[in-house]
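Down below is the structure, laid out as structure tokens.
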Amino acid sequence: MPRASYRPVALIALAASCVGLATPLRADVGQREGLNLNSFTQQGPVAAHVLLRSGQDPRVLVAFPAGNSGVGLWFDRVAAPAEWQMKAPARPRTTTDRRGRPLHGVTFTATIRTPRLAVKRALLTSVRVLRDYQALGTAPAELDTPVQAHGSDLSWSRDRLDGAPGYALSVHVDHGTLDGTTLTAAADGTITVTVTALTGETPLTPFAPGTLLNRAAAADPQARAALQFLSYHEKFLAGSWRFLTYFGRDTLMSVRLLMPALQPEAVETGLRSVLERLSPEGNVAHEEDIGEFAVLDHRRAGDPASSAPTYDYKMVDSPFLLAPVASAWLVDDARGRARARAFLAQRVGGERLGDALVRNARFVVARATPFARDPRWSNLISLTKGMDAGEWRDSNDGLGGGRYPYDINAVLVPAALQSIDAMARAGLLSPYLKPADKVALAGLNTMAATWSARAPGLFAQSVSAGAARAAIERYAKLAGVPAAPALSVAGDAPTRFTAIALDAQGKPVPIENSDDGFAMLFGHPAPAALDTASATISNPFPAGLMTGVGMLVANPVFATPELQARFGPTAYHGTVIWSWQQALVAAGLARQLARRDLPAATCKRLRATQASLWQAIDTSGSVQSSELWSWRYTDGGYHIAAFGESGADADESNAAQLWSTVYLAVKRPVGAPACEAR
């Protein structure tokens, strides 16, 4: 496992821009993740992520935070795997288009050892289009851009579809020859090219040195650099290269977990970006379409040409996250309390932020009322009709066909109600309430109590000791891992765990999962529930979620063979490790261990689970800023495998992911927890 000891350097130099240097530094080069070589640049008006894909399907891609735009160059499949190399970092470049309008981007030189590269497709547009083309192989015909070939040069350029400044890509063959659009290697078998990639989209405003993180932030240069690249005064970006724009859930979870390490202005940037994108009803926007993808949205709708952002509201967890995160800042954090009234009085687009927050409160209360009045499964919060996803496990198979997710119903809804109540009791909502609101808010505690008491039990699962042992033996063989470690913890008692969701008939989907982390971070679980969560998290796979390279987010050991086939190590939300989920559980464990009302046995179990989790976090430190990773079991142990490296993987991981930087605030515990001081 060579990557376990490899320390990425592409982000390290960039980290200097957020630890007190006078000016941001250009990133160095060399972060490899599986088949991808990544290099990040952030300097002045330029911010760019260069990604060179090696293997048999080489590509060159440059993604820009400005307008969530990018350029991509795909080549025909090559006979043997070929690897890209860069000896120097990408250099910032600012120029103008033919009409004198500014274009910002990068120039870099790269080498690949392969007999020839034949250009398959070039795309200059939104990252959303690049993402869809990479996944599906299709792109809107109106984005086709003719190539210009002159001597050793290929170039593509065009305006945005609405006539605004667009995009440019050029490739100069430094070593080798060019015939049409086919690059041929020189006598030494290599091809060297200099690439310039540019966008005309408006640059975002990065945080100046010293304004993003405080002194409590960890010194990790890789995480600091990833966060710096994804943080702007306008908004935080979810991840690069594939999600280089606002995502509501990602912003809220990242702000919550990073809060102790963020400067106040950075916390409020995240909250403000969510509040200003609420729907008229108070729902939280999931993802925004900006730049050329917004133009495409308006064209498809038959509207006049416009780049006005469009938003989707299909995720059903996000609206219940806003109040808990806002309350954690405005009520629980002394820094936020001191700024709360001024923050809520700010106007964005003519509306006070407090008005927007109350609008979300109304939305939450309206959605929570049916179950509070009649607590049966059919009144739980369901995925949107016609959608297979609606919370963070947002792939088609993420919930195993479930319709009523555990994390939303058992945790986030009651947490949202309690948080709205806390902000109301603090007097923060009073200036923004209508008379009818005051009546609705009066019953929040009762509503929250009903949800907390009645919803979690609908997801509780129990498997007899004999059935559990048989299932573990079968699935271990299927997964290619040893059964003995898992069987050693099975014992004679039933195995208890929380179902990932309920299906359309109210039947639990029996998949072990990591979403107990939400309960520990946002709730006040009973000792028995904490005991169950501890076992699920720390028991070795396939009895539980723990492997030698991290905590899995799902384990279908007790599911049907059909579900097991959909939850393997190549599935986006299968038996894989997500960095932020480990951080969520770590933060949740720390919060529960700070309680003084836990039995000694529960406290001891939580401590052991915490130690096991942090060992896993330390083991996977080389990929901690990535979105997710998978594993292989070979030579008697687990080994990290980059997600997307295998042709069977559902997608590829982002090299920089916002909510994977949260270890800047979520740290290994020091000293005895409060629960031991009973």
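The way I read the labels, and the way they are meant: chains A, B, ... in the order of the structure tokens, residue 1 as the first residue of every chain, and ligand 1 as the first ligand shown, with later ones counted on from there.
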Residues within 12 Å of segment 561-571 of chain A, please, as a PyMOL selection string. Count only C-alpha atoms; anything in the same chain fewer than 4 positions from it doesn't count. chain A and resi 393-402+471+474-476+478-480+509-513+542+552-557+575-578+628-633+640-653
message: If you run DSSP on the backbone here, which positions in segment 252-461 of chain A get strand (DSSP E)? Please write them as a ChimeraX atom specification.
response: /A:287-289,310-312,347-348,351-352,404-405,460-461
Margin query: Which residues are close to Thr109 of chain A, i.e. within 10 Å by only C-alpha atoms, leaving aside same-chain residues fewer than 4 positions away? Reply as a PyMOL selection string.
Written below: chain A and resi 85-91+171-174+192-196
Written selection (C-alpha atoms) as a PDB file, in the first residue's frame:
ATOM      1  CA  GLN A  85       3.727  13.344 -14.634  1.00  0.00           C
ATOM      2  CA  MET A  86       4.097  17.040 -13.779  1.00  0.00           C
ATOM      3  CA  LYS A  87       7.504  18.392 -12.796  1.00  0.00           C
ATOM      4  CA  ALA A  88       6.349  21.920 -11.990  1.00  0.00           C
ATOM      5  CA  PRO A  89       3.156  23.432 -10.559  1.00  0.00           C
ATOM      6  CA  ALA A  90       0.501  25.082 -12.658  1.00  0.00           C
ATOM      7  CA  ARG A  91       1.173  28.801 -13.131  1.00  0.00           C
ATOM      8  CA  VAL A 171      -2.477  22.304 -25.990  1.00  0.00           C
ATOM      9  CA  HIS A 172       1.054  22.778 -27.342  1.00  0.00           C
ATOM     10  CA  VAL A 173       3.053  19.630 -28.106  1.00  0.00           C
ATOM     11  CA  ASP A 174       6.523  20.242 -26.665  1.00  0.00           C
ATOM     12  CA  THR A 192       4.998  16.309 -23.333  1.00  0.00           C
ATOM     13  CA  VAL A 193       2.376  19.035 -23.623  1.00  0.00           C
ATOM     14  CA  THR A 194       1.880  22.534 -22.277  1.00  0.00           C
ATOM     15  CA  VAL A 195      -1.755  23.189 -21.469  1.00  0.00           C
ATOM     16  CA  THR A 196      -3.463  26.535 -20.884  1.00  0.00           C
TER      17      THR A 196
END
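Of the listed residues (A:Pro203, A:Trp392, A:Leu417, A:Pro102), A:Trp392 comes nearest to Tyr572 of chain A; the distances count only C-alpha atoms.
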Alpha helix (DSSP H) positions in segment 154-315 of chain A, given as an MDAnalysis selection string
chainID A and resid 221:230 248:258 264:275 291:300
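The shortest atom-to-atom distance to Gly180 of chain A, with only C-alpha atoms taken into account, belongs to A:Gly151 out of A:Gly151, A:Pro540, A:Gly100, A:Gly72.
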*asked:* Residues within 8 Å of segment 329-335 of chain A, please, as a PyMOL selection string. Count only C-alpha atoms; anything in the same chain fewer than 4 positions from it doesn't count.
replied: chain A and resi 259+264+267+325+339-340+422-423+426
N, CA and C atoms of the current selection, written as a tab-separated table (two decimals), in the first residue's frame:
chain	number	residue	atom	x	y	z
A	259	MET	N	-16.84	24.44	13.45
A	259	MET	CA	-17.16	25.65	14.20
A	259	MET	C	-16.10	26.03	15.24
A	264	PRO	N	-15.35	33.82	13.42
A	264	PRO	CA	-16.79	34.12	13.37
A	264	PRO	C	-17.30	34.48	11.97
A	267	VAL	N	-17.93	31.28	9.98
A	267	VAL	CA	-19.16	30.59	10.39
A	267	VAL	C	-20.37	31.28	9.78
A	325	VAL	N	-27.69	23.73	13.48
A	325	VAL	CA	-26.39	24.38	13.25
A	325	VAL	C	-26.47	25.85	13.64
A	339	ARG	N	-22.82	38.03	18.71
A	339	ARG	CA	-23.05	38.60	17.38
A	339	ARG	C	-24.43	38.26	16.83
A	340	ALA	N	-25.22	37.47	17.58
A	340	ALA	CA	-26.43	36.87	17.04
A	340	ALA	C	-27.43	37.89	16.53
A	422	ALA	N	-34.89	26.59	21.39
A	422	ALA	CA	-33.78	27.24	22.10
A	422	ALA	C	-33.55	28.66	21.60
A	423	MET	N	-33.62	28.86	20.29
A	423	MET	CA	-33.42	30.20	19.74
A	423	MET	C	-34.59	31.12	20.11
A	426	ALA	N	-34.22	32.18	23.69
A	426	ALA	CA	-33.15	33.17	23.82
A	426	ALA	C	-33.58	34.54	23.32
message: Need the shell around Ala294 of chain A: protein/DNA/RNA residues with any atom at most 9 Å away, counting only C-alpha atoms. Skip same-chain ones fewer than 6 positions apart. Format as a PyMOL selection string?
response: chain A and resi 288+306-310
